[in-house]
Amino acid sequence: SSYAHNPYTPPPTLRLRMERKKTKINKKWTLGELGKSAKVSTMALFRTQTMSDEQEKNNVKKPVKADTISKPTLHSRNDDWANGEEIQGVDVVGIAVETAISTEKDNAYLKAFIAKMFNLSSGDSLSIWRKVLKGTNEPDLRLSCVVVKANLSAESRGSQNWYCSLGILHTEHFKTPLVQNKNLSDWKKEGLISEVFTTSQQPDCRWDESLEIQLLKPSDEYLVVEVWNNEKPNGGDPGGGKKKFGNFFSQKESGFSGRIFYNLKPLSSEITAKNMDLYSHSSKHKRGNLELLLSIKGADAEKGSLLVRQKEHRALVTKIVVHESKEDARRRGVEDNLPPWDGQMDPEAESLIKFHAQFRSLSDFHQTAVRFSVLFSYHKANTLQLSVLSSIVDSISKLPIVPNRSDGAERTLLLQLFNELQEFLTLILNVLNNHLVDFDIKSSSSVENLKEYLLLVKKLYSMEEFVNTLPSHLNSIAGVVESTIQNSVVGWYSMYSTSLSVVASNDLDENSEETLAALSGISKHVLNECRVIKDSVANIFMTLFNVDYTVNFFLALDSRFEQIGRIVKGLAATRTSNEEHLISTTYQLYVTFQELQELSRVAEKRFFGDQQLSLIHVWFKSYVVKWIDLAAMKCKKGITEAIKNDKQTMAVTEDVGYSSSLVDTMTLFHNMVVFWKNLKWPDPEEAYSCSSALTISIADAALHYVVEVYKKADQCFSTDGKFIATVQLCTILNNMQTIRDKLSPPELLSDEIGDTKPVGIIDELGLQEFFDWLEQEKGIGLKLKEFVNRTMQNTADDIDNKMHVVTRQLGQQFVPAIRKYMGDILQTCGGAPSEENLQPLELYLNDNLQVLSANILYRTFKLVLKGIWVATIGILSELGTTYLKRPSCWQGYRQTVFYLKEYFAAGGDGLVEADLETMEFKAFLSEVDLRSQSTNGLTLKCCSNLTAQQKLAMDAPTNQQQLGELSATIGYLEPSSFIEVKVLAAKDLLVERSERLCFKPYVELQLLPAVLFEDDPKQLQRTSIHKQQTHDPQFGETFQILAHSSLMQIEGTILTLVLYDYDVFGKDNFIGLCVVSCKSIPQFKDASELQKSPMKLNLPLFHIKNSNVLQELVTRHQRSDEIASQLYTTLIKKFKANLS
């Protein structure tokens, strides 16, 4: 009958062994054992009750410490925490009874405990017992298995008839020799399994067959699938036939291809696809893989899921904890005013918890997580002794967290645990945030209690998986511990506010001796407390967390300077809590402490100890940057206000004027200098950072001023086309130049030698001495000096760029007037203007330049003058192109350009040669020279450019793409005045249409410029058309071209050899050309010498590059210049499409 309900039934001997096996309680998790050494929760211990004599004497309130309390703080019971989802919706009674049944049929102790816990009568207990017993005998779980296909290795193939055998195996038989060495049929004979299921036979190892198999407890069962071949010995039957000596080994290997084992514990009602490797009996040889679709069906399918099992276990543990805590209260004889529970439970309670965890196959990790969750919930409502939860956390930290991270249920439970651990950590940190108040750091027992909390924090942070889930402000243990120190200091410091209020209530002068004495007394008390901390708890924090307690102690005091700042400011009847006031107050306090330092050194160190002297600046460490930022902000704010009210100019010197905003800005810079000199920061490395920040702030303020002034410059420019210089614009330029020179004083120009070099901000700050001190102390003075100079110079360069923009804009303001004057002049004179024609332009320039020179600094005036000069050059180029048509006009225009150049030089008082020879001027002068040349000269220059291009082609690197190469011989025969050319061959021709069938290259020869060689009727000659389809044509043709010897020596006369591809139906396609200078052709007196040793040529082909000369010739061709038109026809037009 048992086989009807159980897919497996252990053999009688095995079953008897199981029944005799005794289950032992896992004392590792017994809270009673954990609580034996537990101490009373320190969270409940420390409450303020009385004051010690010394505290009364000092009129300072302090809490009573652990060693002064006679008994722990008591509390009332609260069981509402257990009425949530831990119990509701779960049949806790059934769970408990089912657990008892799963262990022993007649467990009287467990039955009695369960009846007592649930207040069950005898009848109720028997009814529930029978109901649960009946339910355990009638499971409704079925495995749905779809065998999809197998992918076998090559060594396992050999037949076309394949089938699978399936069975369910209990976990306790998994590693037995019978299972390891035999097959399913053998297991069935021995009673290890109840039934073997078989698929149909398929030739391609693909079955797609669905089977349902009865299950009892999936968490303790394995699915076994074997793949067999039916055409091997014994007919493929894993258990059929009799053994024969000849096929003894074939019983194990023949027909068997491989098998898989799969534990059903992770399965649920959802279909899961599995692709598992097939192995031999030895599990050493992989035979392929098997694809399955698995799920669990039936009314109890969800019952075996991890979430359900853990929820049941949680409900049971919750109920037990409620019962046991009540029993503990009953044994004490009270329900209210209870001390913290020590977590001890009866052995039956521990047994029931352990048996249920085993019955529901919960791992140690899951059991521990549930126990922590339940006890932590109890702790939040009723308070547990700290050691109870601490021991559980210690066990969690030592267990492997989540064996199967891919399982959704595992991840859900892990997340729940981590959330509760984070809440627990928060509670601990709340205690540590007040440890200076709640713990007496002078008492060894209190320090030990504090250490217990710190060790618990370290245990929590030893779990890497847990730490990774913490928010950013908690994921660093060092940062968290440092925060607890600083937060505790804040609370501790507030206890001394009463003594500070005494000072605040007195109407004392801020600089009086009494006030300084009161503040120094507070500082001395802080020092004494720090010494105690250093001798007691500082070593614990350093040992456990490598955190310096003293440093964080004083860092936390920075936040309390707001209170001290209000006292100092209150002496002057001014109180505020805004940030700017706080920063200003702390700076004043720092200056006061600096004075106290000096006083302590002189007057027997009456205010500070030796150690305190080196720690004062640490208190203000985080404020230094704020001081500098505030100083910079005030400076910028003052600059903006000064520019806003800048409505007048004032004569600072006899020569030029400055704006009032400049004077205000210089005053603000002076305040920054005073601030720096009062700072006197003692730490070299920190002083390095301070000076760097101050330098950047001053540079930013200077640039801010220039940017704001720059915006006002636009208002001084004309919009009607005629600019008139104003004093206001001159003042703006002076302001910008002065600020620039303050940052980086320039070297004096040659005509400024008699002037005094301006004093830079670096000299005013006295940084050179500071650099020397840093270099001597830390070897970083030169590095800082380089940084400061570079910062100031970079900002000065930025200001220079702004000034260049303004001066360029100023120069552009002259453009409309210059264009009008020069246009009228050129129209009137009809060609190059004379000096008399230029007088109206000179008068306009004189009127404006006199105003500028009289009101602008000399250095700035030169920038303005250069901008006007550049604008003038642009107008001259534009108007010359418009009005001048003939080269002769351009020759006279050249004189105009040099006349204006002398005007801007002003006999040495204006621009120097380097300023006049700008890129714009050189480009314009090149344009004038080009357009003033004759057309004959331009044609020769064009041909000379072709010779230069030929040389470049010959010098080009070999890896550059080539158009091809032409070889020939050449010589000049003097008696007959003929150039004899023999065109030999071409090679490696690059033709765009090289693959067409009618590629027909030929060479065309011509002397250029053609106008010089008009006497030769055969000026243009060509070779015959090469009709063979090749990129290396052979010509071998000789030509004689008439050229008088006088023309051969003219620079620019050339012989061109051009290769074309003949096109029957259209224009011949240009391939490339090469050029030979006529001057380079050797001359011979008779033909025999020429035939004997002509000059050999191997010239690379090239395309003509565009140039200004070609463009000018095209322009003259468009103006009907005959010579230009002739060259255009013979050269430019022909190759226009191929200009590169």
# chains A, B, ... in the order shown; residues from 1 in each chain; ligands from 1
>>> closest_atom_pairs(of="stretch 844-919 of chain A", to="stretch 815-832 of chain A", cutoff="8 Å", atoms="only C-alpha atoms", output="tab-separated table")
residue	atom	partner	partner_atom	distance
A:Ala871	CA	A:Val815	CA	6.3
A:Thr872	CA	A:Val815	CA	6.9
A:Ile875	CA	A:Arg819	CA	6.0
A:Leu876	CA	A:Met822	CA	7.8
A:Leu879	CA	A:Gly823	CA	6.7
A:Tyr883	CA	A:Leu826	CA	6.8
A:Leu884	CA	A:Gly831	CA	6.5
A:Cys889	CA	A:Gly831	CA	5.3
A:Trp890	CA	A:Ala832	CA	7.1
A:Gln891	CA	A:Ala832	CA	7.9
A:Gly892	CA	A:Ala832	CA	4.8
A:Tyr893	CA	A:Ala832	CA	4.8
A:Thr896	CA	A:Ala832	CA	7.1
>>> write_last_selection(atoms="N, CA and C atoms", output="PDB file, in the first residue's frame")
ATOM      1  N   ALA A 871      42.623  97.170 -39.827  1.00  0.00           N
ATOM      2  CA  ALA A 871      41.359  97.486 -40.508  1.00  0.00           C
ATOM      3  C   ALA A 871      41.611  98.292 -41.775  1.00  0.00           C
ATOM      4  N   THR A 872      42.576  99.215 -41.746  1.00  0.00           N
ATOM      5  CA  THR A 872      42.903 100.033 -42.924  1.00  0.00           C
ATOM      6  C   THR A 872      43.426  99.170 -44.064  1.00  0.00           C
ATOM      7  N   ILE A 875      40.573  97.501 -45.872  1.00  0.00           N
ATOM      8  CA  ILE A 875      39.820  98.409 -46.739  1.00  0.00           C
ATOM      9  C   ILE A 875      40.600  98.703 -48.015  1.00  0.00           C
ATOM     10  N   LEU A 876      41.917  98.904 -47.886  1.00  0.00           N
ATOM     11  CA  LEU A 876      42.741  99.172 -49.073  1.00  0.00           C
ATOM     12  C   LEU A 876      42.666  98.012 -50.062  1.00  0.00           C
ATOM     13  N   LEU A 879      39.052  98.028 -51.718  1.00  0.00           N
ATOM     14  CA  LEU A 879      38.812  99.112 -52.671  1.00  0.00           C
ATOM     15  C   LEU A 879      39.720  99.009 -53.881  1.00  0.00           C
ATOM     16  N   TYR A 883      38.280  99.394 -57.710  1.00  0.00           N
ATOM     17  CA  TYR A 883      38.507 100.583 -58.537  1.00  0.00           C
ATOM     18  C   TYR A 883      39.701 100.484 -59.473  1.00  0.00           C
ATOM     19  N   LEU A 884      40.694  99.648 -59.193  1.00  0.00           N
ATOM     20  CA  LEU A 884      41.923  99.621 -59.993  1.00  0.00           C
ATOM     21  C   LEU A 884      41.873  98.464 -60.975  1.00  0.00           C
ATOM     22  N   CYS A 889      47.987 101.188 -62.466  1.00  0.00           N
ATOM     23  CA  CYS A 889      47.303 101.774 -61.308  1.00  0.00           C
ATOM     24  C   CYS A 889      47.745 101.102 -60.021  1.00  0.00           C
ATOM     25  N   TRP A 890      47.927  99.806 -60.084  1.00  0.00           N
ATOM     26  CA  TRP A 890      48.364  99.078 -58.881  1.00  0.00           C
ATOM     27  C   TRP A 890      49.794  99.448 -58.501  1.00  0.00           C
ATOM     28  N   GLN A 891      50.619  99.800 -59.521  1.00  0.00           N
ATOM     29  CA  GLN A 891      51.988 100.214 -59.199  1.00  0.00           C
ATOM     30  C   GLN A 891      51.983 101.516 -58.407  1.00  0.00           C
ATOM     31  N   GLY A 892      51.082 102.428 -58.773  1.00  0.00           N
ATOM     32  CA  GLY A 892      50.965 103.661 -57.997  1.00  0.00           C
ATOM     33  C   GLY A 892      50.307 103.428 -56.646  1.00  0.00           C
ATOM     34  N   TYR A 893      49.394 102.445 -56.606  1.00  0.00           N
ATOM     35  CA  TYR A 893      48.703 102.132 -55.338  1.00  0.00           C
ATOM     36  C   TYR A 893      49.683 101.610 -54.295  1.00  0.00           C
ATOM     37  N   THR A 896      50.877 104.360 -52.290  1.00  0.00           N
ATOM     38  CA  THR A 896      49.891 104.793 -51.293  1.00  0.00           C
ATOM     39  C   THR A 896      49.988 103.941 -50.027  1.00  0.00           C
TER      40      THR A 896
END
>>> residues_around(residues="A:Val1075", least_positions_apart="3", cutoff="7 Å", atoms="only C-alpha atoms", output="NGL selection string")
:A and (946-947 or 950 or 1054-1057)
>>> residues_around(residues="stretch 196-209 of chain A", least_positions_apart="4", cutoff="9 Å", atoms="only C-alpha atoms", output="MDAnalysis selection string")
chainID A and resid 145:152 159:168 184:185 188 213 229:230 292
>>> atom_distance(atom1="atom CA of A:Ala905", atom2="atom CA of A:Ser877")
19.7 Å
>>> residues_around(residues="A:Asn735", least_positions_apart="2", cutoff="8 Å", atoms="only C-alpha atoms", output="PyMOL selection string")
chain A and resi 658-659+662+731-733+737-739
>>> residues_around(residues="A:Leu425", least_positions_apart="5", cutoff="9 Å", atoms="only C-alpha atoms", output="PDB file with N, CA, C and O atoms, in the first residue's frame")
ATOM      1  N   GLU A 420      16.607  44.168   7.177  1.00  0.00           N
ATOM      2  CA  GLU A 420      16.549  44.100   8.633  1.00  0.00           C
ATOM      3  C   GLU A 420      17.915  44.351   9.258  1.00  0.00           C
ATOM      4  O   GLU A 420      18.033  45.025  10.294  1.00  0.00           O
ATOM      5  N   ASN A 430      22.771  54.788  16.059  1.00  0.00           N
ATOM      6  CA  ASN A 430      22.114  55.802  16.885  1.00  0.00           C
ATOM      7  C   ASN A 430      22.690  55.811  18.300  1.00  0.00           C
ATOM      8  O   ASN A 430      22.821  56.868  18.929  1.00  0.00           O
ATOM      9  N   LEU A 456      30.265  44.806  17.043  1.00  0.00           N
ATOM     10  CA  LEU A 456      29.068  44.411  16.301  1.00  0.00           C
ATOM     11  C   LEU A 456      29.011  45.135  14.962  1.00  0.00           C
ATOM     12  O   LEU A 456      28.641  44.544  13.932  1.00  0.00           O
ATOM     13  N   VAL A 457      29.373  46.394  14.952  1.00  0.00           N
ATOM     14  CA  VAL A 457      29.441  47.136  13.687  1.00  0.00           C
ATOM     15  C   VAL A 457      30.446  46.491  12.746  1.00  0.00           C
ATOM     16  O   VAL A 457      30.193  46.316  11.541  1.00  0.00           O
ATOM     17  N   LEU A 460      28.993  43.362  11.155  1.00  0.00           N
ATOM     18  CA  LEU A 460      28.048  43.675  10.078  1.00  0.00           C
ATOM     19  C   LEU A 460      28.782  44.077   8.805  1.00  0.00           C
ATOM     20  O   LEU A 460      28.401  43.685   7.694  1.00  0.00           O
TER      21      LEU A 460
END
>>> select_by_dssp(residues="stretch 1078-1132 of chain A", states="helix (DSSP H, G or I)", output="PDB file with N, CA, C and O atoms, in the first residue's frame")
ATOM      1  N   CYS A1078      63.408  75.462 -70.389  1.00  0.00           N
ATOM      2  CA  CYS A1078      64.252  75.640 -71.570  1.00  0.00           C
ATOM      3  C   CYS A1078      65.693  75.939 -71.177  1.00  0.00           C
ATOM      4  O   CYS A1078      66.637  75.557 -71.897  1.00  0.00           O
ATOM      5  N   LYS A1079      65.889  76.612 -70.048  1.00  0.00           N
ATOM      6  CA  LYS A1079      67.242  76.933 -69.618  1.00  0.00           C
ATOM      7  C   LYS A1079      68.022  75.682 -69.238  1.00  0.00           C
ATOM      8  O   LYS A1079      69.252  75.679 -69.284  1.00  0.00           O
ATOM      9  N   SER A1080      67.309  74.603 -68.878  1.00  0.00           N
ATOM     10  CA  SER A1080      67.989  73.388 -68.442  1.00  0.00           C
ATOM     11  C   SER A1080      68.323  72.439 -69.588  1.00  0.00           C
ATOM     12  O   SER A1080      69.002  71.433 -69.389  1.00  0.00           O
ATOM     13  N   ALA A1087      74.731  67.634 -84.920  1.00  0.00           N
ATOM     14  CA  ALA A1087      73.704  66.616 -84.685  1.00  0.00           C
ATOM     15  C   ALA A1087      74.293  65.329 -84.140  1.00  0.00           C
ATOM     16  O   ALA A1087      73.639  64.594 -83.382  1.00  0.00           O
ATOM     17  N   SER A1088      75.577  65.015 -84.514  1.00  0.00           N
ATOM     18  CA  SER A1088      76.171  63.760 -84.052  1.00  0.00           C
ATOM     19  C   SER A1088      76.344  63.769 -82.530  1.00  0.00           C
ATOM     20  O   SER A1088      76.107  62.765 -81.851  1.00  0.00           O
ATOM     21  N   GLU A1089      76.779  64.924 -82.013  1.00  0.00           N
ATOM     22  CA  GLU A1089      76.921  65.001 -80.557  1.00  0.00           C
ATOM     23  C   GLU A1089      75.573  64.838 -79.857  1.00  0.00           C
ATOM     24  O   GLU A1089      75.456  64.196 -78.818  1.00  0.00           O
ATOM     25  N   LEU A1090      74.564  65.455 -80.477  1.00  0.00           N
ATOM     26  CA  LEU A1090      73.221  65.340 -79.889  1.00  0.00           C
ATOM     27  C   LEU A1090      72.744  63.894 -79.910  1.00  0.00           C
ATOM     28  O   LEU A1090      72.165  63.401 -78.918  1.00  0.00           O
ATOM     29  N   GLN A1091      72.993  63.201 -81.027  1.00  0.00           N
ATOM     30  CA  GLN A1091      72.561  61.808 -81.121  1.00  0.00           C
ATOM     31  C   GLN A1091      73.338  60.933 -80.153  1.00  0.00           C
ATOM     32  O   GLN A1091      72.842  59.910 -79.674  1.00  0.00           O
ATOM     33  N   LYS A1092      74.561  61.331 -79.882  1.00  0.00           N
ATOM     34  CA  LYS A1092      75.436  60.512 -79.066  1.00  0.00           C
ATOM     35  C   LYS A1092      75.123  60.627 -77.565  1.00  0.00           C
ATOM     36  O   LYS A1092      75.109  59.630 -76.858  1.00  0.00           O
ATOM     37  N   ASN A1108      47.458  82.011 -57.084  1.00  0.00           N
ATOM     38  CA  ASN A1108      47.029  83.405 -57.270  1.00  0.00           C
ATOM     39  C   ASN A1108      47.386  83.907 -58.662  1.00  0.00           C
ATOM     40  O   ASN A1108      46.663  84.719 -59.242  1.00  0.00           O
ATOM     41  N   VAL A1109      48.514  83.437 -59.189  1.00  0.00           N
ATOM     42  CA  VAL A1109      48.940  83.861 -60.537  1.00  0.00           C
ATOM     43  C   VAL A1109      47.917  83.397 -61.572  1.00  0.00           C
ATOM     44  O   VAL A1109      47.503  84.162 -62.465  1.00  0.00           O
ATOM     45  N   LEU A1110      47.504  82.148 -61.491  1.00  0.00           N
ATOM     46  CA  LEU A1110      46.502  81.644 -62.422  1.00  0.00           C
ATOM     47  C   LEU A1110      45.193  82.403 -62.299  1.00  0.00           C
ATOM     48  O   LEU A1110      44.559  82.762 -63.313  1.00  0.00           O
ATOM     49  N   GLN A1111      44.795  82.689 -61.067  1.00  0.00           N
ATOM     50  CA  GLN A1111      43.543  83.417 -60.865  1.00  0.00           C
ATOM     51  C   GLN A1111      43.628  84.826 -61.447  1.00  0.00           C
ATOM     52  O   GLN A1111      42.666  85.325 -62.041  1.00  0.00           O
ATOM     53  N   GLU A1112      44.790  85.467 -61.284  1.00  0.00           N
ATOM     54  CA  GLU A1112      44.959  86.805 -61.846  1.00  0.00           C
ATOM     55  C   GLU A1112      44.927  86.761 -63.375  1.00  0.00           C
ATOM     56  O   GLU A1112      44.342  87.646 -64.026  1.00  0.00           O
ATOM     57  N   LEU A1113      45.552  85.751 -63.969  1.00  0.00           N
ATOM     58  CA  LEU A1113      45.513  85.616 -65.428  1.00  0.00           C
ATOM     59  C   LEU A1113      44.090  85.372 -65.916  1.00  0.00           C
ATOM     60  O   LEU A1113      43.684  85.895 -66.972  1.00  0.00           O
ATOM     61  N   VAL A1114      43.314  84.592 -65.187  1.00  0.00           N
ATOM     62  CA  VAL A1114      41.909  84.376 -65.556  1.00  0.00           C
ATOM     63  C   VAL A1114      41.148  85.690 -65.487  1.00  0.00           C
ATOM     64  O   VAL A1114      40.330  86.002 -66.376  1.00  0.00           O
ATOM     65  N   THR A1115      41.424  86.486 -64.421  1.00  0.00           N
ATOM     66  CA  THR A1115      40.745  87.785 -64.291  1.00  0.00           C
ATOM     67  C   THR A1115      41.092  88.688 -65.474  1.00  0.00           C
ATOM     68  O   THR A1115      40.212  89.352 -66.054  1.00  0.00           O
ATOM     69  N   ARG A1116      42.361  88.723 -65.858  1.00  0.00           N
ATOM     70  CA  ARG A1116      42.761  89.569 -67.003  1.00  0.00           C
ATOM     71  C   ARG A1116      42.204  89.031 -68.311  1.00  0.00           C
ATOM     72  O   ARG A1116      41.888  89.807 -69.219  1.00  0.00           O
ATOM     73  N   HIS A1117      42.088  87.727 -68.437  1.00  0.00           N
ATOM     74  CA  HIS A1117      41.440  87.157 -69.614  1.00  0.00           C
ATOM     75  C   HIS A1117      39.994  87.633 -69.709  1.00  0.00           C
ATOM     76  O   HIS A1117      39.505  87.976 -70.804  1.00  0.00           O
ATOM     77  N   GLN A1118      39.324  87.681 -68.569  1.00  0.00           N
ATOM     78  CA  GLN A1118      37.936  88.159 -68.563  1.00  0.00           C
ATOM     79  C   GLN A1118      37.849  89.634 -68.910  1.00  0.00           C
ATOM     80  O   GLN A1118      36.792  90.107 -69.348  1.00  0.00           O
ATOM     81  N   GLU A1122      44.775  90.273 -74.308  1.00  0.00           N
ATOM     82  CA  GLU A1122      45.093  89.301 -75.362  1.00  0.00           C
ATOM     83  C   GLU A1122      46.122  88.278 -74.912  1.00  0.00           C
ATOM     84  O   GLU A1122      45.988  87.079 -75.195  1.00  0.00           O
ATOM     85  N   ILE A1123      47.175  88.745 -74.260  1.00  0.00           N
ATOM     86  CA  ILE A1123      48.228  87.817 -73.842  1.00  0.00           C
ATOM     87  C   ILE A1123      47.674  86.829 -72.810  1.00  0.00           C
ATOM     88  O   ILE A1123      47.935  85.621 -72.878  1.00  0.00           O
ATOM     89  N   ALA A1124      46.904  87.355 -71.848  1.00  0.00           N
ATOM     90  CA  ALA A1124      46.308  86.471 -70.845  1.00  0.00           C
ATOM     91  C   ALA A1124      45.331  85.487 -71.507  1.00  0.00           C
ATOM     92  O   ALA A1124      45.270  84.309 -71.125  1.00  0.00           O
ATOM     93  N   SER A1125      44.599  85.985 -72.515  1.00  0.00           N
ATOM     94  CA  SER A1125      43.638  85.107 -73.188  1.00  0.00           C
ATOM     95  C   SER A1125      44.353  84.002 -73.952  1.00  0.00           C
ATOM     96  O   SER A1125      43.870  82.860 -74.025  1.00  0.00           O
ATOM     97  N   GLN A1126      45.511  84.334 -74.553  1.00  0.00           N
ATOM     98  CA  GLN A1126      46.262  83.314 -75.278  1.00  0.00           C
ATOM     99  C   GLN A1126      46.747  82.211 -74.346  1.00  0.00           C
ATOM    100  O   GLN A1126      46.616  81.015 -74.647  1.00  0.00           O
ATOM    101  N   LEU A1127      47.306  82.586 -73.178  1.00  0.00           N
ATOM    102  CA  LEU A1127      47.747  81.583 -72.208  1.00  0.00           C
ATOM    103  C   LEU A1127      46.549  80.807 -71.649  1.00  0.00           C
ATOM    104  O   LEU A1127      46.629  79.603 -71.397  1.00  0.00           O
ATOM    105  N   TYR A1128      45.447  81.518 -71.487  1.00  0.00           N
ATOM    106  CA  TYR A1128      44.234  80.861 -70.982  1.00  0.00           C
ATOM    107  C   TYR A1128      43.796  79.772 -71.961  1.00  0.00           C
ATOM    108  O   TYR A1128      43.408  78.662 -71.548  1.00  0.00           O
ATOM    109  N   THR A1129      43.895  80.082 -73.266  1.00  0.00           N
ATOM    110  CA  THR A1129      43.457  79.107 -74.275  1.00  0.00           C
ATOM    111  C   THR A1129      44.403  77.921 -74.356  1.00  0.00           C
ATOM    112  O   THR A1129      43.977  76.760 -74.468  1.00  0.00           O
ATOM    113  N   THR A1130      45.693  78.200 -74.310  1.00  0.00           N
ATOM    114  CA  THR A1130      46.672  77.134 -74.511  1.00  0.00           C
ATOM    115  C   THR A1130      46.938  76.300 -73.261  1.00  0.00           C
ATOM    116  O   THR A1130      47.402  75.168 -73.360  1.00  0.00           O
ATOM    117  N   LEU A1131      46.668  76.840 -72.096  1.00  0.00           N
ATOM    118  CA  LEU A1131      47.052  76.122 -70.873  1.00  0.00           C
ATOM    119  C   LEU A1131      45.912  76.038 -69.861  1.00  0.00           C
ATOM    120  O   LEU A1131      45.442  74.956 -69.532  1.00  0.00           O
ATOM    121  N   ILE A1132      45.440  77.178 -69.418  1.00  0.00           N
ATOM    122  CA  ILE A1132      44.510  77.191 -68.286  1.00  0.00           C
ATOM    123  C   ILE A1132      43.189  76.529 -68.659  1.00  0.00           C
ATOM    124  O   ILE A1132      42.679  75.662 -67.943  1.00  0.00           O
TER     125      ILE A1132
END
>>> select_by_dssp(residues="stretch 651-707 of chain A", states="strand (DSSP E or B)", output="tab-separated table (two decimals) with all heavy atoms, in the first residue's frame")
chain	number	residue	atom	x	y	z
A	651	ALA	N	41.15	111.68	-12.54
A	651	ALA	CA	42.52	111.71	-13.01
A	651	ALA	C	43.43	111.17	-11.93
A	651	ALA	O	43.67	111.81	-10.91
A	651	ALA	CB	42.93	113.12	-13.39
A	657	GLY	N	43.09	109.14	-17.42
A	657	GLY	CA	42.10	108.99	-16.38
A	657	GLY	C	41.72	107.54	-16.16
A	657	GLY	O	41.87	106.69	-17.04
A	658	TYR	N	41.22	107.28	-14.96
A	658	TYR	CA	40.75	105.95	-14.59
A	658	TYR	C	39.33	106.07	-14.07
A	658	TYR	O	38.93	107.11	-13.55
A	658	TYR	CB	41.65	105.32	-13.52
A	658	TYR	CG	43.06	105.07	-13.97
A	658	TYR	CD1	44.02	106.07	-13.88
A	658	TYR	CD2	43.44	103.84	-14.47
A	658	TYR	CE1	45.32	105.85	-14.28
A	658	TYR	CE2	44.75	103.60	-14.86
A	658	TYR	CZ	45.68	104.62	-14.77
A	658	TYR	OH	46.96	104.40	-15.17
A	659	SER	N	38.61	104.97	-14.13
A	659	SER	CA	37.26	104.94	-13.59
A	659	SER	C	37.29	104.75	-12.09
A	659	SER	O	38.22	104.18	-11.53
A	659	SER	CB	36.47	103.80	-14.25
A	659	SER	OG	35.25	103.62	-13.61
